[in-house]
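Okay, work39.csv is below, CSV, C-alpha atoms:
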```
chain,number,residue,atom,x,y,z
M,2,LYS,CA,-10.4,2.9,-8.7
M,3,GLU,CA,-13.6,4.2,-7.4
M,4,SER,CA,-14.1,5.5,-3.9
M,5,VAL,CA,-17.6,5.8,-2.4
M,6,ARG,CA,-18.1,8.2,0.5
M,7,CYS,CA,-19.9,6.8,3.5
M,8,THR,CA,-22.1,9.7,4.7
M,9,SER,CA,-22.7,8.5,8.2
M,10,CYS,CA,-19.2,7.3,9.1
M,11,SER,CA,-16.8,9.7,7.4
M,12,SER,CA,-14.8,7.0,5.6
M,13,PHE,CA,-14.1,5.8,2.1
M,14,ASN,CA,-14.6,2.3,0.8
M,15,MET,CA,-11.1,1.1,-0.1
M,16,SER,CA,-9.8,-0.9,-3.1
M,17,SER,CA,-7.7,-4.0,-2.4
M,18,ASP,CA,-4.4,-2.2,-2.8
M,19,ASP,CA,-5.3,0.3,-0.1
M,20,SER,CA,-6.2,-2.3,2.5
M,21,ASN,CA,-3.2,-1.4,4.8
M,22,ARG,CA,-4.1,2.3,5.0
M,23,ARG,CA,-5.1,3.3,8.5
M,24,LEU,CA,-8.2,5.4,8.1
M,25,VAL,CA,-10.5,6.7,10.8
M,26,GLU,CA,-13.6,4.7,10.0
M,27,CYS,CA,-16.2,2.5,11.6
M,28,GLY,CA,-14.8,-0.9,12.5
M,29,ARG,CA,-11.2,0.2,12.7
M,30,VAL,CA,-9.5,-1.4,15.7
M,31,CYS,CA,-7.4,1.1,17.8
M,32,LEU,CA,-5.0,0.9,20.7
M,33,VAL,CA,-5.6,3.3,23.6
M,34,ASN,CA,-2.3,5.2,24.2
M,35,PHE,CA,-2.6,6.3,27.8
M,36,GLY,CA,-4.9,6.7,30.7
M,37,PRO,CA,-6.7,4.0,32.8
M,38,MET,CA,-7.4,2.0,29.6
M,39,GLY,CA,-4.0,2.3,28.2
M,40,GLY,CA,-2.7,-0.6,26.2
M,41,LYS,CA,-6.2,-2.0,25.5
M,42,LEU,CA,-7.9,-2.5,22.1
M,43,VAL,CA,-11.1,-0.7,21.1
M,44,VAL,CA,-13.2,-0.5,18.0
M,45,ILE,CA,-14.5,2.7,16.4
M,46,VAL,CA,-18.3,2.5,16.3
M,47,ASN,CA,-18.9,5.9,14.8
M,48,VAL,CA,-17.1,9.2,14.1
M,49,ILE,CA,-18.4,12.1,16.1
M,50,ASP,CA,-16.3,14.9,14.5
M,51,GLY,CA,-12.8,15.4,13.3
M,52,LYS,CA,-11.3,15.0,16.7
M,53,ARG,CA,-13.5,12.5,18.6
M,54,VAL,CA,-14.9,9.0,17.9
M,55,LEU,CA,-17.4,6.7,19.6
M,56,VAL,CA,-15.5,3.5,20.7
M,57,ASP,CA,-16.5,0.3,22.3
M,58,GLY,CA,-14.2,-2.4,23.7
M,59,PRO,CA,-16.5,-4.4,23.2
M,60,SER,CA,-17.2,-4.3,26.9
M,61,THR,CA,-18.0,-8.1,27.2
M,62,VAL,CA,-14.5,-8.9,25.8
M,63,ASN,CA,-12.2,-6.4,27.4
M,64,GLY,CA,-14.3,-4.4,29.8
M,65,ILE,CA,-14.2,-1.1,28.0
M,66,PRO,CA,-17.8,0.4,27.7
M,67,ARG,CA,-19.0,2.4,24.8
M,68,GLN,CA,-17.8,6.0,25.1
M,69,ALA,CA,-16.6,9.0,23.2
M,70,MET,CA,-12.8,9.2,23.0
M,71,PRO,CA,-10.5,11.8,21.4
M,72,LEU,CA,-8.4,10.6,18.5
M,73,ALA,CA,-5.3,11.9,20.2
M,74,ARG,CA,-5.7,9.1,22.8
M,75,LEU,CA,-5.9,6.4,20.1
M,76,SER,CA,-3.4,4.7,17.8
M,77,LEU,CA,-5.0,3.3,14.7
M,78,THR,CA,-4.1,-0.3,13.8
M,79,THR,CA,-4.3,-2.1,10.4
M,80,ILE,CA,-7.0,-4.4,11.8
M,81,LYS,CA,-10.5,-3.6,10.6
M,82,ILE,CA,-13.8,-5.5,11.2
M,83,ASP,CA,-17.0,-5.2,9.1
M,84,ILE,CA,-19.7,-3.3,11.1
M,85,GLU,CA,-22.2,-0.7,10.3
M,86,PRO,CA,-22.0,2.8,11.9
M,87,GLY,CA,-23.5,2.7,15.4
M,88,ALA,CA,-23.6,-1.1,15.6
M,89,ARG,CA,-25.2,-2.7,18.7
M,90,LEU,CA,-23.0,-4.5,21.2
M,91,SER,CA,-24.1,-8.0,20.1
M,92,THR,CA,-23.4,-7.2,16.5
M,93,LEU,CA,-20.0,-5.8,17.4
M,94,VAL,CA,-19.1,-8.8,19.5
M,95,LYS,CA,-20.0,-11.2,16.7
M,96,ALA,CA,-17.9,-9.3,14.2
M,97,TYR,CA,-15.0,-8.9,16.7
M,98,ASN,CA,-14.9,-12.7,17.3
M,99,ALA,CA,-15.5,-13.5,13.6
M,100,ALA,CA,-12.5,-11.4,12.6
M,101,ASP,CA,-10.4,-13.0,15.4
M,102,VAL,CA,-9.1,-9.6,16.4
M,103,GLN,CA,-7.2,-10.8,19.5
M,104,LYS,CA,-5.3,-13.4,17.5
M,105,GLN,CA,-4.5,-10.9,14.7
M,106,TRP,CA,-3.3,-8.4,17.4
M,107,ALA,CA,-1.1,-11.0,19.2
M,108,GLU,CA,0.6,-12.0,15.9
M,109,SER,CA,1.4,-8.4,15.0
M,110,SER,CA,5.0,-7.1,15.5
M,111,TRP,CA,3.5,-4.1,17.4
M,112,ALA,CA,2.0,-6.3,20.1
M,113,LYS,CA,5.1,-8.5,20.3
M,114,SER,CA,7.3,-5.4,20.9
M,115,MET,CA,4.9,-4.1,23.5
M,116,ALA,CA,5.2,-7.5,25.3
M,117,ARG,CA,9.0,-7.5,25.1
M,118,LYS,CA,9.1,-4.0,26.6
M,119,GLY,CA,6.7,-5.0,29.3
M,120,ALA,CA,8.7,-8.1,30.2
M,121,LYS,CA,11.9,-6.0,30.3
M,122,ALA,CA,10.2,-3.4,32.6
M,123,LYS,CA,9.3,-6.2,35.0
M,124,LEU,CA,12.9,-7.4,35.5
M,125,ALA,CA,14.3,-7.2,39.0
M,126,ASP,CA,17.7,-5.7,39.7
M,127,PHE,CA,19.6,-9.0,39.6
M,128,ASP,CA,17.9,-10.0,36.4
M,129,ARG,CA,19.0,-6.8,34.7
M,130,PHE,CA,22.5,-7.5,36.0
M,131,LYS,CA,22.5,-11.1,34.5
M,132,LEU,CA,21.2,-9.6,31.2
M,133,MET,CA,24.0,-7.1,31.1
M,134,VAL,CA,26.6,-9.8,31.8
M,135,ALA,CA,25.1,-12.1,29.1
M,136,ARG,CA,25.2,-9.2,26.6
M,137,LYS,CA,28.8,-8.4,27.4
M,138,THR,CA,29.8,-12.1,27.0
M,139,ARG,CA,28.0,-12.4,23.7
M,140,ALA,CA,29.7,-9.2,22.4
M,141,ARG,CA,33.1,-10.5,23.5
M,142,VAL,CA,32.6,-13.8,21.6
M,143,VAL,CA,31.3,-12.0,18.5
M,144,ASN,CA,34.2,-9.5,18.5
M,145,THR,CA,36.9,-12.2,18.9
M,146,HIS,CA,35.5,-14.2,15.9
M,147,LEU,CA,35.1,-11.0,13.9
M,148,LYS,CA,38.7,-10.0,14.5
M,149,LYS,CA,39.9,-13.5,13.4
M,150,LEU,CA,37.9,-13.2,10.2
M,151,VAL,CA,39.3,-9.7,9.5
M,152,LYS,CA,42.9,-10.9,10.0
M,153,LYS,CA,42.5,-13.7,7.3
```
Using structure tokens, write down the structure that the file contains.
Amino acid sequence: KESVRCTSCSSFNMSSDDSNRRLVECGRVCLVNFGPMGGKLVVIVNVIDGKRVLVDGPSTVNGIPRQAMPLARLSLTTIKIDIEPGARLSTLVKAYNAADVQKQWAESSWAKSMARKGAKAKLADFDRFKLMVARKTRARVVNTHLKKLVKK
């Protein structure tokens, strides 16, 4: 294993078995944790220092313009696109679409769990009541069958 230091981007070139490591590097797709852009994906374009990075939406895809953002506001994903440090918007959009980032994100368990939580949060009072009744009914059926199996 040989790692080569990228001087302008503060990252390492990874070998094939390290592909799932979440390093702060150019091209890493991140999720914004909170704030007005919370829940949206951004791409690290360059590393400013140990606590801040330059990110871009890209703005033509999800409306987030290029800006500096603290790492505390970002969650790194396993998705990475191939771009050079400080890549232009057009280059970033091409790489973003070529890597099919939106599809990769939609297929991830992280995105699916966020969608489930969002759907559950949008339930009205009566919908929550129906969900509770359905859960109780299912538990009752499961417990009666389980007790029958234990008796045998």
Closest to Gln103 in chain M among M:Leu55, M:Val62, M:Ala73, M:Val134, using all atoms listed in the file?
M:Val62
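If you look at CA of Val94 in chain M and CA of Arg67 in chain M, they are 12.4 Å away from each other.
Ranking M:Val143, M:Lys113, M:Gly40, M:Cys27 by their shortest atom-to-atom distance to Asn63 in chain M, with all atoms listed in the file included, puts M:Gly40 first.
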Report, in Å to a single decimal, how far apart CA of Val46 in chain M and CA of Lys81 in chain M are.
11.4 Å
Can you find the residues with an atom no farther than 12 Å from (-4.1, -8.6, 19.2), counting all atoms listed in the file, and report them as a PyMOL selection string?
chain M and resi 30-32+40-43+63+78-81+97-98+100-116
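One distance worth recording is that between CA of Met70 in chain M and CA of Lys118 in chain M, which is 25.8 Å.
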Considering only C-alpha atoms, return as a ChimeraX atom specification whatever protein or nucleic-acid residues lie within 12 Å of Val25 in chain M, sequence-local ones (same chain, fewer than 3 positions apart) excluded.
/M:7,10-14,22,28-31,44-56,71-73,75-81
